[in-house]
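Worksheet: the structure to be examined is printed underneath.
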Amino acid sequence: MLMPVQCSKCHKNVQLLQPGPPSMCCHVATYTAPSSYSHHYPPHQLPLTALPPPPYSHLPPRPPLFARVCKRAVICAVSYKNSKHELKGCINDANCMRYLLVNRFHFPESSILILTEEEADPNRHPSKQNMIKALYWLVQDCQPGDSLVFHYSGHGKRKKNSTGDEVDGYDEYLCPLDFKTGELISDDEINAIIVRPLPHGVKLHAFIDACHSGTALDLPFLCRMDRSRRYLWEDHRPSSGVWKGTNGGKAICFSGCDDHQTSADASALSNTTPTGAMTFSFIQAIEHGHGTTYGDILSSMQYTIRNAENEDCDTGTSPLLNMTRRGSFAAGFTQEPQLTASEKIKLKKPFSL
């Protein structure tokens, strides 16, 4: 199916071919179109187009044109407050990630969009509609040199897949605040919105702290690492031929567990400040100097959770770890943090945001 769209840079009409990578014009992806988000597209045929700017009262502004590198982030934390699904660690996950991005990776605070139930503006509550709009905002008008981050802390689900585009036969879902009314966000939707449009020179890092999150972005390759740090890449490209890669950019995702596993909330870990296990183990890797390469981070995260019952997390030196301090971990974890990517990368590759 051919879709006419308008290039956001030169305003020429071009054609967008589905499925597959978006058309190119002026060396940027053309994904600025429809006036409303439609639920009528099958998830694997979502248009690679962006919404108009979301109706937030204060959207983080783009940097000036002379800025060489743009950093922007979307952080979503869903605590499901006052329900039987309530999670205790998600809000602290969001606060810790914002601190990390600003103080360790030099993201401007004005370029970080936070969605939580504690926000006064209802347009910044983590409903499905608001999360979808935020994801479109994250990639809109991105240019070579941009660094994008998506962090999610909340519940996750999996359901049987009916389209044949999942290697394990299941789709993975994020659970927004309104998930009880059926408002889930599928891995196909996330892939279509923030992965496929990524143009050359743009990098996206996602951090998904949720159950069943191993392939939450539906990226083509999944890394398996053993305790000796030997690793191999599994090919998760669907036999149906549906395109799951980028438009030349790089997408990398750290997730809390494999698709068939559950991910621990901090209430199962500690009697002090709660956080999610994945978010804590990632922050600990960075703060303890184990964040030099992608392999270092993955190995450190897996070690932290695997040996949780024996770890003492109080260093007494890092303000970030003090924010997430939970005493000693509780035993009984079965989750294994995962790394997926739009292309096979060497795990000795330096990590940067």
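Here's how to read the names in the structure tokens: chain A, B, ... by the order shown, residue numbers from 1 in each chain, ligand numbers from 1 in the order shown.
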
**Message:** DSSP on the backbone: which residues in range 149-248 of chain A end up as alpha helix (DSSP H)? Give the answer as a list in words.
**Reply:**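 Selection result, alpha helix (DSSP H) within range 149-248 of chain A: Asp187, Asp188, Glu189 and Ile190 of chain A.
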
Taking N, CA, C and O atoms for each residue, export the selection above as a compact mmCIF listing (two decimals), in the first residue's frame.
```txt
# COMPACT_ATOMS: atom_id res chain seq x y z
N ASP A 187 4.26 -4.63 21.27
CA ASP A 187 5.61 -4.49 20.75
C ASP A 187 5.59 -4.05 19.29
O ASP A 187 6.48 -3.33 18.83
N ASP A 188 4.55 -4.46 18.54
CA ASP A 188 4.44 -4.04 17.14
C ASP A 188 4.23 -2.53 17.05
O ASP A 188 4.81 -1.87 16.18
N GLU A 189 3.39 -1.99 17.93
CA GLU A 189 3.15 -0.55 17.92
C GLU A 189 4.41 0.23 18.27
O GLU A 189 4.75 1.23 17.62
N ILE A 190 5.11 -0.22 19.32
CA ILE A 190 6.33 0.47 19.73
C ILE A 190 7.35 0.44 18.61
O ILE A 190 8.01 1.44 18.30
```

Report the residues of range 62-294 of chain A whose backbone DSSP state falls under strand (DSSP E or B), written as an mmCIF file with N, CA, C and O atoms, in the first residue's frame.
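Contents of part_17.cif, freshly written:
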```cif
data_model
loop_
_atom_site.group_PDB
_atom_site.id
_atom_site.type_symbol
_atom_site.label_atom_id
_atom_site.label_comp_id
_atom_site.auth_asym_id
_atom_site.auth_seq_id
_atom_site.Cartn_x
_atom_site.Cartn_y
_atom_site.Cartn_z
ATOM 1 N N LYS A 71 19.746 15.628 22.628
ATOM 2 C CA LYS A 71 19.400 14.519 23.510
ATOM 3 C C LYS A 71 17.983 14.754 24.015
ATOM 4 O O LYS A 71 17.672 15.831 24.523
ATOM 5 N N ARG A 72 17.149 13.735 23.874
ATOM 6 C CA ARG A 72 15.788 13.842 24.407
ATOM 7 C C ARG A 72 15.365 12.485 24.938
ATOM 8 O O ARG A 72 15.833 11.446 24.465
ATOM 9 N N ALA A 73 14.469 12.505 25.915
ATOM 10 C CA ALA A 73 14.071 11.257 26.572
ATOM 11 C C ALA A 73 12.603 11.302 26.953
ATOM 12 O O ALA A 73 12.053 12.366 27.257
ATOM 13 N N VAL A 74 11.991 10.125 26.944
ATOM 14 C CA VAL A 74 10.645 9.915 27.472
ATOM 15 C C VAL A 74 10.757 8.880 28.583
ATOM 16 O O VAL A 74 11.294 7.787 28.372
ATOM 17 N N ILE A 75 10.283 9.241 29.772
ATOM 18 C CA ILE A 75 10.301 8.341 30.922
ATOM 19 C C ILE A 75 8.865 8.117 31.369
ATOM 20 O O ILE A 75 8.175 9.067 31.741
ATOM 21 N N CYS A 76 8.415 6.872 31.323
ATOM 22 C CA CYS A 76 7.045 6.518 31.719
ATOM 23 C C CYS A 76 7.095 5.593 32.937
ATOM 24 O O CYS A 76 7.755 4.553 32.895
ATOM 25 N N ALA A 77 6.396 5.985 33.981
ATOM 26 C CA ALA A 77 6.322 5.162 35.189
ATOM 27 C C ALA A 77 4.856 5.007 35.574
ATOM 28 O O ALA A 77 4.163 5.996 35.786
ATOM 29 N N ILE A 112 13.559 16.214 28.766
ATOM 30 C CA ILE A 112 13.081 14.946 29.319
ATOM 31 C C ILE A 112 11.604 15.076 29.634
ATOM 32 O O ILE A 112 11.194 15.935 30.426
ATOM 33 N N LEU A 113 10.809 14.234 29.012
ATOM 34 C CA LEU A 113 9.359 14.228 29.214
ATOM 35 C C LEU A 113 9.000 13.087 30.162
ATOM 36 O O LEU A 113 9.279 11.921 29.876
ATOM 37 N N ILE A 114 8.403 13.429 31.300
ATOM 38 C CA ILE A 114 8.052 12.449 32.332
ATOM 39 C C ILE A 114 6.538 12.229 32.326
ATOM 40 O O ILE A 114 5.761 13.184 32.369
ATOM 41 N N LEU A 115 6.127 10.968 32.287
ATOM 42 C CA LEU A 115 4.715 10.609 32.422
ATOM 43 C C LEU A 115 4.551 9.752 33.673
ATOM 44 O O LEU A 115 5.069 8.630 33.739
ATOM 45 N N SER A 147 20.471 11.614 20.152
ATOM 46 C CA SER A 147 20.453 10.476 21.059
ATOM 47 C C SER A 147 19.116 10.479 21.789
ATOM 48 O O SER A 147 18.780 11.447 22.471
ATOM 49 N N LEU A 148 18.363 9.393 21.652
ATOM 50 C CA LEU A 148 17.012 9.287 22.200
ATOM 51 C C LEU A 148 16.969 8.182 23.245
ATOM 52 O O LEU A 148 17.612 7.134 23.088
ATOM 53 N N VAL A 149 16.174 8.390 24.296
ATOM 54 C CA VAL A 149 16.032 7.386 25.361
ATOM 55 C C VAL A 149 14.558 7.210 25.691
ATOM 56 O O VAL A 149 13.815 8.190 25.817
ATOM 57 N N PHE A 150 14.144 5.953 25.812
ATOM 58 C CA PHE A 150 12.805 5.621 26.300
ATOM 59 C C PHE A 150 12.953 4.687 27.485
ATOM 60 O O PHE A 150 13.558 3.625 27.377
ATOM 61 N N HIS A 151 12.422 5.100 28.638
ATOM 62 C CA HIS A 151 12.428 4.243 29.830
ATOM 63 C C HIS A 151 10.991 3.999 30.264
ATOM 64 O O HIS A 151 10.189 4.925 30.352
ATOM 65 N N TYR A 152 10.686 2.734 30.522
ATOM 66 C CA TYR A 152 9.344 2.360 30.988
ATOM 67 C C TYR A 152 9.474 1.495 32.224
ATOM 68 O O TYR A 152 10.246 0.522 32.248
ATOM 69 N N SER A 153 8.697 1.828 33.243
ATOM 70 C CA SER A 153 8.622 1.013 34.454
ATOM 71 C C SER A 153 7.152 0.779 34.763
ATOM 72 O O SER A 153 6.395 1.731 34.986
ATOM 73 N N GLY A 156 3.885 -5.587 32.466
ATOM 74 C CA GLY A 156 3.943 -6.073 31.099
ATOM 75 C C GLY A 156 3.132 -7.345 30.969
ATOM 76 O O GLY A 156 2.901 -8.049 31.958
ATOM 77 N N LYS A 157 2.685 -7.624 29.755
ATOM 78 C CA LYS A 157 1.894 -8.830 29.486
ATOM 79 C C LYS A 157 2.378 -9.469 28.194
ATOM 80 O O LYS A 157 3.117 -8.867 27.417
ATOM 81 N N ARG A 158 1.921 -10.685 27.945
ATOM 82 C CA ARG A 158 2.153 -11.335 26.646
ATOM 83 C C ARG A 158 0.890 -12.059 26.236
ATOM 84 O O ARG A 158 0.120 -12.552 27.075
ATOM 85 N N LYS A 159 0.650 -12.101 24.931
ATOM 86 C CA LYS A 159 -0.519 -12.784 24.374
ATOM 87 C C LYS A 159 -0.108 -13.544 23.125
ATOM 88 O O LYS A 159 0.862 -13.177 22.458
ATOM 89 N N LYS A 160 -0.877 -14.562 22.807
ATOM 90 C CA LYS A 160 -0.638 -15.332 21.596
ATOM 91 C C LYS A 160 -0.700 -14.421 20.379
ATOM 92 O O LYS A 160 -1.586 -13.581 20.246
ATOM 93 N N TYR A 170 4.371 -15.234 20.512
ATOM 94 C CA TYR A 170 3.686 -14.333 21.429
ATOM 95 C C TYR A 170 4.039 -12.874 21.123
ATOM 96 O O TYR A 170 5.178 -12.558 20.746
ATOM 97 N N ASP A 171 3.064 -11.994 21.311
ATOM 98 C CA ASP A 171 3.301 -10.556 21.319
ATOM 99 C C ASP A 171 3.478 -10.110 22.765
ATOM 100 O O ASP A 171 2.821 -10.630 23.672
ATOM 101 N N GLU A 172 4.352 -9.117 22.958
ATOM 102 C CA GLU A 172 4.570 -8.551 24.281
ATOM 103 C C GLU A 172 3.892 -7.181 24.352
ATOM 104 O O GLU A 172 3.816 -6.461 23.353
ATOM 105 N N TYR A 173 3.432 -6.803 25.543
ATOM 106 C CA TYR A 173 2.666 -5.571 25.716
ATOM 107 C C TYR A 173 3.124 -4.812 26.954
ATOM 108 O O TYR A 173 3.460 -5.418 27.980
ATOM 109 N N LEU A 174 3.093 -3.478 26.864
ATOM 110 C CA LEU A 174 3.196 -2.623 28.029
ATOM 111 C C LEU A 174 1.785 -2.323 28.520
ATOM 112 O O LEU A 174 0.847 -2.251 27.723
ATOM 113 N N ILE A 185 -0.282 -1.493 24.924
ATOM 114 C CA ILE A 185 0.613 -1.037 23.859
ATOM 115 C C ILE A 185 1.479 -2.216 23.455
ATOM 116 O O ILE A 185 2.288 -2.709 24.240
ATOM 117 N N SER A 186 1.332 -2.668 22.226
ATOM 118 C CA SER A 186 2.022 -3.879 21.775
ATOM 119 C C SER A 186 3.444 -3.578 21.311
ATOM 120 O O SER A 186 3.793 -2.432 20.978
ATOM 121 N N PRO A 199 16.277 7.444 11.366
ATOM 122 C CA PRO A 199 17.165 7.635 10.216
ATOM 123 C C PRO A 199 18.628 7.410 10.584
ATOM 124 O O PRO A 199 18.996 7.324 11.761
ATOM 125 N N LYS A 203 20.555 7.426 17.304
ATOM 126 C CA LYS A 203 20.580 6.229 18.141
ATOM 127 C C LYS A 203 19.484 6.324 19.197
ATOM 128 O O LYS A 203 19.221 7.383 19.754
ATOM 129 N N LEU A 204 18.847 5.185 19.422
ATOM 130 C CA LEU A 204 17.790 5.057 20.422
ATOM 131 C C LEU A 204 18.180 3.983 21.421
ATOM 132 O O LEU A 204 18.552 2.873 21.041
ATOM 133 N N HIS A 205 18.094 4.309 22.705
ATOM 134 C CA HIS A 205 18.261 3.319 23.769
ATOM 135 C C HIS A 205 16.951 3.228 24.539
ATOM 136 O O HIS A 205 16.394 4.257 24.944
ATOM 137 N N ALA A 206 16.478 2.017 24.736
ATOM 138 C CA ALA A 206 15.271 1.794 25.529
ATOM 139 C C ALA A 206 15.628 0.958 26.748
ATOM 140 O O ALA A 206 16.509 0.088 26.691
ATOM 141 N N PHE A 207 14.932 1.218 27.855
ATOM 142 C CA PHE A 207 15.119 0.490 29.108
ATOM 143 C C PHE A 207 13.726 0.117 29.599
ATOM 144 O O PHE A 207 12.955 0.986 30.017
ATOM 145 N N ILE A 208 13.396 -1.172 29.526
ATOM 146 C CA ILE A 208 12.048 -1.635 29.812
ATOM 147 C C ILE A 208 12.066 -2.488 31.068
ATOM 148 O O ILE A 208 12.549 -3.624 31.064
ATOM 149 N N ASP A 209 11.560 -1.927 32.158
ATOM 150 C CA ASP A 209 11.542 -2.613 33.448
ATOM 151 C C ASP A 209 10.128 -3.155 33.672
ATOM 152 O O ASP A 209 9.302 -2.531 34.338
ATOM 153 N N PHE A 221 17.332 -8.689 16.625
ATOM 154 C CA PHE A 221 18.368 -9.552 17.180
ATOM 155 C C PHE A 221 18.378 -9.497 18.709
ATOM 156 O O PHE A 221 18.252 -8.423 19.302
ATOM 157 N N LEU A 222 18.536 -10.682 19.326
ATOM 158 C CA LEU A 222 18.584 -10.807 20.783
ATOM 159 C C LEU A 222 19.887 -11.469 21.185
ATOM 160 O O LEU A 222 20.283 -12.485 20.615
ATOM 161 N N CYS A 223 20.570 -10.878 22.174
ATOM 162 C CA CYS A 223 21.871 -11.384 22.622
ATOM 163 C C CYS A 223 21.699 -12.333 23.800
ATOM 164 O O CYS A 223 21.038 -11.997 24.785
ATOM 165 N N ARG A 224 22.292 -13.519 23.695
ATOM 166 C CA ARG A 224 22.347 -14.467 24.814
ATOM 167 C C ARG A 224 23.764 -14.485 25.352
ATOM 168 O O ARG A 224 24.718 -14.740 24.618
ATOM 169 N N MET A 225 23.923 -14.193 26.644
ATOM 170 C CA MET A 225 25.242 -14.189 27.280
ATOM 171 C C MET A 225 25.253 -15.171 28.445
ATOM 172 O O MET A 225 24.332 -15.167 29.269
ATOM 173 N N TYR A 231 28.872 -14.975 24.300
ATOM 174 C CA TYR A 231 27.547 -14.575 23.833
ATOM 175 C C TYR A 231 27.331 -14.952 22.376
ATOM 176 O O TYR A 231 28.279 -15.197 21.624
ATOM 177 N N LEU A 232 26.074 -15.017 22.011
ATOM 178 C CA LEU A 232 25.693 -15.210 20.611
ATOM 179 C C LEU A 232 24.421 -14.415 20.359
ATOM 180 O O LEU A 232 23.646 -14.134 21.274
ATOM 181 N N TRP A 233 24.222 -14.065 19.106
ATOM 182 C CA TRP A 233 23.037 -13.300 18.722
ATOM 183 C C TRP A 233 22.009 -14.222 18.081
ATOM 184 O O TRP A 233 22.324 -14.953 17.143
ATOM 185 N N GLU A 234 20.793 -14.201 18.618
ATOM 186 C CA GLU A 234 19.682 -14.933 18.012
ATOM 187 C C GLU A 234 18.978 -14.045 17.002
ATOM 188 O O GLU A 234 18.762 -12.857 17.242
ATOM 189 N N ASP A 235 18.625 -14.636 15.876
ATOM 190 C CA ASP A 235 17.922 -13.902 14.820
ATOM 191 C C ASP A 235 16.424 -14.001 15.074
ATOM 192 O O ASP A 235 15.838 -15.079 15.010
ATOM 193 N N ASN A 247 15.437 2.677 9.927
ATOM 194 C CA ASN A 247 15.645 3.284 8.615
ATOM 195 C C ASN A 247 17.088 3.762 8.479
ATOM 196 O O ASN A 247 17.364 4.761 7.835
ATOM 197 N N GLY A 248 18.005 3.047 9.109
ATOM 198 C CA GLY A 248 19.418 3.380 9.043
ATOM 199 C C GLY A 248 20.015 3.750 10.377
ATOM 200 O O GLY A 248 21.236 3.766 10.539
ATOM 201 N N LYS A 250 20.267 3.338 14.793
ATOM 202 C CA LYS A 250 20.568 2.215 15.684
ATOM 203 C C LYS A 250 19.599 2.232 16.860
ATOM 204 O O LYS A 250 19.395 3.268 17.498
ATOM 205 N N ALA A 251 19.019 1.069 17.159
ATOM 206 C CA ALA A 251 18.109 0.913 18.293
ATOM 207 C C ALA A 251 18.616 -0.223 19.166
ATOM 208 O O ALA A 251 18.889 -1.324 18.664
ATOM 209 N N ILE A 252 18.750 0.037 20.458
ATOM 210 C CA ILE A 252 19.255 -0.948 21.412
ATOM 211 C C ILE A 252 18.360 -0.910 22.644
ATOM 212 O O ILE A 252 17.980 0.168 23.108
ATOM 213 N N CYS A 253 18.025 -2.075 23.170
ATOM 214 C CA CYS A 253 17.113 -2.141 24.311
ATOM 215 C C CYS A 253 17.660 -3.060 25.394
ATOM 216 O O CYS A 253 18.020 -4.211 25.122
ATOM 217 N N PHE A 254 17.734 -2.545 26.625
ATOM 218 C CA PHE A 254 17.956 -3.367 27.811
ATOM 219 C C PHE A 254 16.597 -3.608 28.449
ATOM 220 O O PHE A 254 15.836 -2.661 28.678
ATOM 221 N N SER A 255 16.291 -4.852 28.740
ATOM 222 C CA SER A 255 15.001 -5.176 29.351
ATOM 223 C C SER A 255 15.207 -6.019 30.599
ATOM 224 O O SER A 255 16.250 -6.651 30.778
ATOM 225 N N THR A 293 31.203 -0.708 28.476
ATOM 226 C CA THR A 293 30.746 -1.303 27.225
ATOM 227 C C THR A 293 29.376 -1.925 27.422
ATOM 228 O O THR A 293 28.914 -2.116 28.557
#
```

**Item:** Non-local contacts of range 285-290 of chain A (6 Å; only C-alpha atoms; under 5 positions in same chain excluded) as a list in words
**Value:**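 Those residues are Asp296, Ile297 and Ser300 of chain A.
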